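Coordinates as given in target_16.txt (compact mmCIF, C-alpha atoms):
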# COMPACT_ATOMS: atom_id res chain seq x y z
CA MET A 1 -20.26 28.28 3.82
CA LYS A 2 -19.53 26.77 0.40
CA GLN A 3 -17.36 29.76 -0.48
CA LEU A 4 -15.47 29.41 2.81
CA LYS A 5 -14.84 25.71 2.08
CA LYS A 6 -13.44 26.57 -1.36
CA ILE A 7 -11.08 29.12 0.15
CA LEU A 8 -9.91 26.69 2.84
CA HIS A 9 -9.29 23.98 0.23
CA LYS A 10 -7.18 26.39 -1.84
CA VAL A 11 -5.14 27.45 1.18
CA PHE A 12 -4.48 23.87 2.23
CA ARG A 13 -3.56 22.77 -1.29
CA LEU A 14 -0.98 25.52 -1.58
CA SER A 15 0.86 23.74 1.25
CA GLY A 16 0.48 20.34 -0.45
CA ARG A 17 -2.38 19.26 1.81
CA ASP A 18 -6.15 19.08 1.88
CA PHE A 19 -8.89 18.25 4.34
CA LEU A 20 -11.82 15.87 4.05
CA PRO A 21 -14.75 14.90 6.26
CA TYR A 22 -13.72 11.99 8.50
CA THR A 23 -16.19 9.48 7.05
CA TYR A 24 -16.01 5.95 5.69
CA GLU A 25 -16.40 7.28 2.14
CA ASN A 26 -13.16 9.27 2.45
CA PHE A 27 -11.05 7.10 4.76
CA TYR A 28 -10.17 3.49 4.04
CA SER A 29 -9.36 2.73 7.70
CA ILE A 30 -12.97 3.47 8.69
CA ARG A 31 -14.32 1.25 5.90
CA ARG A 32 -12.03 -1.55 7.04
CA GLN A 33 -13.23 -1.19 10.63
CA LYS A 34 -16.85 -1.42 9.45
CA ILE A 35 -16.06 -4.66 7.64
CA LEU A 36 -14.25 -6.05 10.70
CA ALA A 37 -17.26 -5.33 12.88
CA ASN A 38 -19.78 -6.69 10.36
CA GLU A 39 -17.81 -9.93 10.00
CA GLY A 40 -17.58 -10.41 13.78
CA VAL A 41 -13.76 -10.62 13.73
CA ASN A 42 -12.16 -11.11 17.17
CA LEU A 43 -8.60 -12.01 16.13
CA VAL A 44 -6.16 -10.25 13.79
CA LEU A 45 -3.13 -12.07 12.37
CA ASP A 46 -0.79 -9.24 11.40
CA VAL A 47 1.63 -10.84 8.93
CA GLY A 48 4.46 -8.45 8.07
CA ALA A 49 3.85 -6.14 11.01
CA HIS A 50 6.88 -3.87 10.51
CA ASN A 51 7.00 -1.46 13.48
CA GLY A 52 3.44 -2.04 14.66
CA ALA A 53 1.81 0.95 12.96
CA TYR A 54 -0.96 -1.25 11.55
CA GLY A 55 -1.88 -2.66 14.94
CA GLN A 56 -1.87 0.83 16.42
CA GLN A 57 -4.25 2.04 13.74
CA LEU A 58 -6.61 -0.86 14.42
CA ARG A 59 -6.70 0.12 18.08
CA GLU A 60 -7.29 3.78 17.25
CA GLU A 61 -10.20 2.81 15.01
CA GLY A 62 -11.81 0.82 17.81
CA PHE A 63 -10.75 -2.83 17.38
CA ASP A 64 -10.38 -4.34 20.87
CA GLY A 65 -9.82 -8.02 20.03
CA ARG A 66 -6.57 -9.97 20.02
CA ILE A 67 -3.74 -9.05 17.64
CA ILE A 68 -0.83 -11.40 16.84
CA SER A 69 1.93 -9.64 14.89
CA PHE A 70 4.70 -11.36 12.95
CA GLU A 71 7.81 -9.45 11.84
CA PRO A 72 11.22 -10.92 10.90
CA LEU A 73 13.46 -7.81 10.75
CA SER A 74 15.47 -7.30 13.95
CA GLU A 75 15.55 -3.50 13.77
CA VAL A 76 11.82 -2.88 13.52
CA PHE A 77 10.85 -5.88 15.67
CA GLN A 78 12.26 -4.13 18.74
CA ILE A 79 9.93 -1.17 18.11
CA LEU A 80 7.02 -3.55 17.58
CA LYS A 81 7.80 -5.42 20.80
CA GLU A 82 7.78 -2.21 22.84
CA LYS A 83 4.31 -1.39 21.53
CA THR A 84 2.87 -4.84 22.23
CA GLU A 85 4.20 -4.79 25.81
CA GLN A 86 1.78 -1.94 26.51
CA ASP A 87 -1.25 -3.94 25.30
CA GLU A 88 -2.19 -7.22 27.01
CA SER A 89 -4.24 -8.34 23.99
CA TRP A 90 -1.41 -7.80 21.48
CA GLU A 91 1.43 -10.32 21.01
CA CYS A 92 4.35 -10.46 18.59
CA GLU A 93 6.78 -13.03 17.19
CA GLN A 94 10.04 -12.46 15.33
CA PHE A 95 9.75 -14.54 12.19
CA ALA A 96 8.44 -14.46 8.65
CA VAL A 97 5.36 -16.44 7.58
CA GLY A 98 5.61 -18.50 4.39
CA ASP A 99 4.96 -21.95 2.91
CA SER A 100 7.72 -23.87 4.72
CA ILE A 101 9.48 -24.04 8.07
CA GLY A 102 13.17 -23.16 8.25
CA GLU A 103 15.45 -20.22 7.58
CA SER A 104 15.79 -17.73 4.74
CA ILE A 105 17.61 -14.56 3.79
CA ILE A 106 15.63 -11.33 3.64
CA ASN A 107 16.77 -8.42 1.47
CA ILE A 108 16.75 -5.29 3.61
CA SER A 109 15.62 -2.21 1.77
CA GLY A 110 16.79 1.33 2.49
CA HIS A 111 13.06 1.95 2.93
CA LEU A 112 12.62 -0.76 5.56
CA SER A 113 8.96 -1.52 4.83
CA SER A 114 9.96 -2.55 1.27
CA SER A 115 12.23 -5.37 2.54
CA SER A 116 11.42 -8.80 1.13
CA ILE A 117 12.63 -12.37 0.83
CA LEU A 118 12.24 -11.79 -2.91
CA SER A 119 14.54 -9.55 -4.96
CA ILE A 120 13.24 -6.06 -5.65
CA THR A 121 12.77 -5.06 -9.31
CA GLU A 122 14.24 -2.13 -11.19
CA ARG A 123 10.68 -0.81 -11.73
CA HIS A 124 10.22 -0.55 -7.98
CA VAL A 125 13.56 1.15 -7.37
CA ASN A 126 12.93 3.64 -10.20
CA ALA A 127 9.68 4.68 -8.54
CA SER A 128 11.26 4.79 -5.07
CA PRO A 129 15.09 4.95 -5.13
CA SER A 130 15.31 4.61 -1.33
CA SER A 131 13.83 1.10 -1.68
CA ASN A 132 17.07 -0.31 -3.10
CA THR A 133 18.56 -3.25 -1.18
CA VAL A 134 21.26 -2.16 1.27
CA SER A 135 21.92 -5.38 3.25
CA THR A 136 20.57 -8.83 4.12
CA GLU A 137 19.62 -10.71 7.28
CA LYS A 138 19.08 -14.39 8.09
CA ILE A 139 15.56 -14.93 9.41
CA LYS A 140 13.32 -17.70 10.71
CA VAL A 141 10.35 -18.74 8.57
CA VAL A 142 7.25 -20.65 9.72
CA THR A 143 3.85 -21.48 8.22
CA LEU A 144 0.53 -20.23 9.48
CA ASP A 145 -0.64 -23.83 9.76
CA SER A 146 2.19 -24.51 12.23
CA LEU A 147 0.89 -21.65 14.42
CA LYS A 148 -2.79 -22.56 14.32
CA GLU A 149 -3.03 -24.51 17.56
CA GLN A 150 -0.99 -21.92 19.44
CA TYR A 151 -2.91 -18.84 18.41
CA ILE A 152 -6.31 -19.72 16.92
CA SER A 153 -9.18 -21.18 18.96
CA PRO A 154 -11.96 -23.19 17.29
CA ASP A 155 -14.48 -20.38 17.87
CA ASP A 156 -12.24 -17.54 16.62
CA LYS A 157 -13.23 -15.51 13.57
CA ALA A 158 -9.89 -14.32 12.25
CA PHE A 159 -8.75 -11.53 9.96
CA MET A 160 -5.35 -11.95 8.31
CA LYS A 161 -3.46 -8.90 7.06
CA VAL A 162 -0.61 -9.80 4.68
CA ASP A 163 2.05 -7.18 3.89
CA VAL A 164 5.03 -9.24 2.72
CA GLN A 165 6.24 -7.52 -0.45
CA GLY A 166 5.61 -10.09 -3.16
CA TYR A 167 5.60 -13.14 -0.86
CA GLU A 168 1.79 -13.27 -0.57
CA LYS A 169 1.15 -16.61 -2.28
CA HIS A 170 3.74 -18.28 -0.05
CA VAL A 171 1.82 -17.10 3.02
CA LEU A 172 -1.48 -18.41 1.64
CA ASN A 173 0.05 -21.73 0.55
CA GLY A 174 1.28 -22.29 4.10
CA ALA A 175 -2.21 -21.73 5.52
CA SER A 176 -4.24 -24.40 3.72
CA ASN A 177 -5.46 -25.94 7.00
CA THR A 178 -6.14 -22.58 8.62
CA LEU A 179 -8.01 -20.59 5.97
CA HIS A 180 -11.41 -22.01 6.92
CA GLN A 181 -11.17 -19.95 10.12
CA ILE A 182 -9.98 -16.81 8.39
CA GLN A 183 -13.09 -14.81 7.61
CA MET A 184 -11.33 -11.82 6.12
CA ILE A 185 -7.99 -11.14 4.39
CA GLU A 186 -6.28 -7.84 3.60
CA ILE A 187 -3.43 -8.32 1.17
CA GLU A 188 -1.10 -6.17 -0.91
CA LEU A 189 -1.68 -6.44 -4.67
CA SER A 190 0.78 -5.32 -7.35
CA LEU A 191 -0.36 -3.90 -10.69
CA THR A 192 3.15 -4.30 -12.10
CA LYS A 193 6.10 -6.51 -11.17
CA MET A 194 7.57 -5.02 -7.98
CA TYR A 195 9.50 -8.11 -6.81
CA GLU A 196 11.01 -10.94 -8.82
CA ASP A 197 8.60 -13.91 -8.93
CA GLY A 198 5.97 -11.91 -7.08
CA PRO A 199 2.34 -12.36 -8.29
CA LEU A 200 0.40 -9.60 -10.03
CA LEU A 201 -3.04 -8.37 -9.03
CA SER A 202 -4.82 -10.39 -11.72
CA GLU A 203 -3.19 -13.62 -10.53
CA MET A 204 -4.02 -12.94 -6.88
CA LEU A 205 -7.65 -12.17 -7.65
CA LEU A 206 -8.04 -15.55 -9.34
CA HIS A 207 -6.11 -17.32 -6.57
CA LEU A 208 -8.18 -15.82 -3.76
CA ASP A 209 -11.40 -16.52 -5.66
CA HIS A 210 -10.30 -20.15 -5.92
CA LEU A 211 -9.67 -20.17 -2.16
CA GLY A 212 -13.21 -18.91 -1.57
CA TYR A 213 -12.79 -15.15 -1.03
CA SER A 214 -14.48 -12.15 -2.65
CA LEU A 215 -12.97 -8.69 -3.05
CA VAL A 216 -14.95 -6.02 -1.14
CA ALA A 217 -12.58 -3.02 -0.81
CA ILE A 218 -9.44 -1.52 -2.36
CA ASN A 219 -7.03 1.14 -1.14
CA GLN A 220 -4.18 2.73 -3.11
CA VAL A 221 -0.83 2.43 -1.31
CA PHE A 222 1.96 3.18 -3.80
CA SER A 223 2.11 5.13 -7.08
CA ASP A 224 4.94 6.26 -9.32
CA PRO A 225 5.57 9.94 -8.49
CA ASP A 226 6.74 10.70 -12.04
CA THR A 227 4.13 8.92 -14.17
CA GLY A 228 1.21 8.85 -11.73
CA HIS A 229 0.78 5.13 -12.45
CA MET A 230 -0.71 3.16 -9.58
CA LEU A 231 1.71 0.38 -8.61
CA GLN A 232 0.28 -1.29 -5.51
CA VAL A 233 -3.04 -1.42 -3.69
CA ASP A 234 -4.38 -3.16 -0.61
CA GLY A 235 -7.38 -5.40 -1.21
CA VAL A 236 -9.84 -6.61 1.42
CA PHE A 237 -11.44 -10.00 0.81
CA ILE A 238 -14.12 -11.82 2.78
CA ARG A 239 -15.02 -15.49 2.74
CA LYS A 240 -17.91 -16.21 0.37

The structure in this file should be written as structure tokens.
Amino acid sequence: MKQLKKILHKVFRLSGRDFLPYTYENFYSIRRQKILANEGVNLVLDVGAHNGAYGQQLREEGFDGRIISFEPLSEVFQILKEKTEQDESWECEQFAVGDSIGESIINISGHLSSSSILSITERHVNASPSSNTVSTEKIKVVTLDSLKEQYISPDDKAFMKVDVQGYEKHVLNGASNTLHQIQMIEIELSLTKMYEDGPLLSEMLLHLDHLGYSLVAINQVFSDPDTGHMLQVDGVFIRK
């Protein structure tokens, strides 16, 4: 059996693929679902939802609570909306979440999921040329605190996922009156400057520790294909 496994691995790797046992040790999504269940989360605030792939994955992994997705880009919001219409426990809103209420301009990347209110850096574009800015769009911005009464009940235990391309601290700063109900946060962390004025991993670790959260899981999300350097990871934090 061991010899057969070695042969299968070699065959798969020749095609640029491999196979692994579908366990929590090998798959981050399963580890995240374990943490969700252990923390008793019944509400997910999906900040920076893009086309709804994250919410879909949560459903596939077994999460059956409420999901509220926020996405400002018109193009992908329409795809997100179609997905939420098929799920009575999943809602969506077309705006960005930040630290103030008003309007802003978002820089639309050729790789749509890299779009950000902040300007993308040369380091990012060098690692992923398709991420270069191709256009802009005027968007609505709100704070999480302004949404609290609408979406969060006093007995909810919420999980907030933040995928906002360098705008993470703005999201947290606009949630000062809401964080006490957010049991768990998943947030993108940059090891090098990917967006102008965006915080680095070290800064975010200190900031989240100050807010009362401990890091419990990490998942690699973006590396430089030429150097192999890890550029961005997702970190899962739970309230202390």

*Choose the residue, out of A:Ala217, A:Ala53, A:Lys240, A:Val76, that has the smallest atom-to-atom separation from Tyr28 in chain A; count all atoms listed in the file.*
A:Ala217

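Rounded to one decimal, CA of Gln57 in chain A and CA of His207 in chain A lie 28.1 Å from each other.
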
Please, which residues in range 103-141 of chain A fall within 10 Å of range 178-193 of chain A when counting all atoms listed in the file, and what is the closest atom pair and distance in Å to one decimal for each, ordered by chain then residue number, as a Markdown table?
| residue | atom | partner | partner_atom | distance |
| --- | --- | --- | --- | --- |
| A:Ile120 | CA | A:Lys193 | CA | 9.0 |
| A:Thr121 | CA | A:Lys193 | CA | 7.1 |
| A:Glu122 | CA | A:Lys193 | CA | 9.2 |
| A:Arg123 | CA | A:Lys193 | CA | 7.3 |
| A:His124 | CA | A:Lys193 | CA | 7.9 |

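Interatomic distance, CA of Asn42 in chain A against CA of Arg59 in chain A: 12.5 Å.
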
*Identify which of the residues A:Val236, A:Val142, A:Val134, A:Leu215 lies closest to Glu71 in chain A, counting all atoms listed in the file when measuring atom-to-atom distances.*
A:Val142

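Here CA of Ile108 in chain A and CA of Ser131 in chain A stand 8.8 Å from one another.
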
_Sel. within 10 Å of pt (-13.9, -18.3, 18.4), counting only C-alpha atoms, output as number ranges by chain_ = A: 40-43, 152-158, 181

*Of the residues A:Ser115, A:Ser109, A:Gln94, A:Asn51, which is the one nearest to Pro129 in chain A, using only C-alpha atoms?*
A:Ser109

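Distances here use all atoms listed in the file; by that measure, the residue among A:Asp163, A:Asp145, A:Glu60, A:Asp46 closest to Ser100 in chain A is A:Asp145.
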
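If only C-alpha atoms are the atoms counted, then among A:Glu61, A:Glu168, A:Ser176, A:Ser130 the closest residue to Glu203 in chain A is A:Glu168.
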
_For Val216 in chain A, the nearest of the candidates A:Val47, A:Ile35, A:Val162, A:Ile68, counting all atoms listed in the file_ = A:Ile35

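Near Ser29 in chain A, within a cut-off of 9 Å and counting only C-alpha atoms, sit the residues Tyr24, Phe27, Arg31, Arg32, Gln33, Lys34, Gln57, Leu58 and Glu61 of chain A, with same-chain residues fewer than 2 positions away left out.
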
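Once range 219-229 of chain A and its same-chain neighbours fewer than 5 positions away are set aside, Tyr28, Ala127, Asp234 and Gly235 of chain A remain within 7 Å of it when counting all atoms listed in the file.
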
_Contacts of Phe77 in chain A at 10 Å (all atoms listed in the file; same-chain gap of 6+ positions) as JSON, numbers by chain_ = {"A": [49, 50, 51, 52, 69, 70, 71, 83, 92, 93, 94, 95]}

Write only N, CA and C atoms for range 144-155 of chain A from the block just shown, as an mmCIF file, in the first residue's frame.
data_model
loop_
_atom_site.group_PDB
_atom_site.id
_atom_site.type_symbol
_atom_site.label_atom_id
_atom_site.label_comp_id
_atom_site.auth_asym_id
_atom_site.auth_seq_id
_atom_site.Cartn_x
_atom_site.Cartn_y
_atom_site.Cartn_z
ATOM 1 N N LEU A 144 -19.389 48.947 10.810
ATOM 2 C CA LEU A 144 -20.071 47.795 11.393
ATOM 3 C C LEU A 144 -20.964 48.231 12.551
ATOM 4 N N ASP A 145 -20.520 49.226 13.300
ATOM 5 C CA ASP A 145 -21.343 49.726 14.410
ATOM 6 C C ASP A 145 -22.693 50.237 13.923
ATOM 7 N N SER A 146 -22.735 50.831 12.724
ATOM 8 C CA SER A 146 -23.992 51.353 12.192
ATOM 9 C C SER A 146 -24.941 50.234 11.763
ATOM 10 N N LEU A 147 -24.419 49.017 11.624
ATOM 11 C CA LEU A 147 -25.222 47.872 11.193
ATOM 12 C C LEU A 147 -25.638 46.969 12.350
ATOM 13 N N LYS A 148 -25.102 47.243 13.521
ATOM 14 C CA LYS A 148 -25.269 46.336 14.659
ATOM 15 C C LYS A 148 -26.733 46.044 14.978
ATOM 16 N N GLU A 149 -27.535 47.064 15.124
ATOM 17 C CA GLU A 149 -28.927 46.849 15.504
ATOM 18 C C GLU A 149 -29.708 46.111 14.426
ATOM 19 N N GLN A 150 -29.336 46.315 13.176
ATOM 20 C CA GLN A 150 -30.041 45.686 12.064
ATOM 21 C C GLN A 150 -29.749 44.196 11.948
ATOM 22 N N TYR A 151 -28.509 43.816 12.235
ATOM 23 C CA TYR A 151 -28.110 42.448 11.926
ATOM 24 C C TYR A 151 -27.697 41.581 13.115
ATOM 25 N N ILE A 152 -27.357 42.187 14.249
ATOM 26 C CA ILE A 152 -26.832 41.405 15.364
ATOM 27 C C ILE A 152 -27.766 41.481 16.561
ATOM 28 N N SER A 153 -28.260 40.329 16.997
ATOM 29 C CA SER A 153 -29.116 40.246 18.181
ATOM 30 C C SER A 153 -28.251 40.132 19.429
ATOM 31 N N PRO A 154 -28.804 40.512 20.593
ATOM 32 C CA PRO A 154 -28.019 40.467 21.826
ATOM 33 C C PRO A 154 -27.453 39.091 22.159
ATOM 34 N N ASP A 155 -28.139 38.026 21.736
ATOM 35 C CA ASP A 155 -27.681 36.675 22.074
ATOM 36 C C ASP A 155 -26.851 36.021 20.964
#
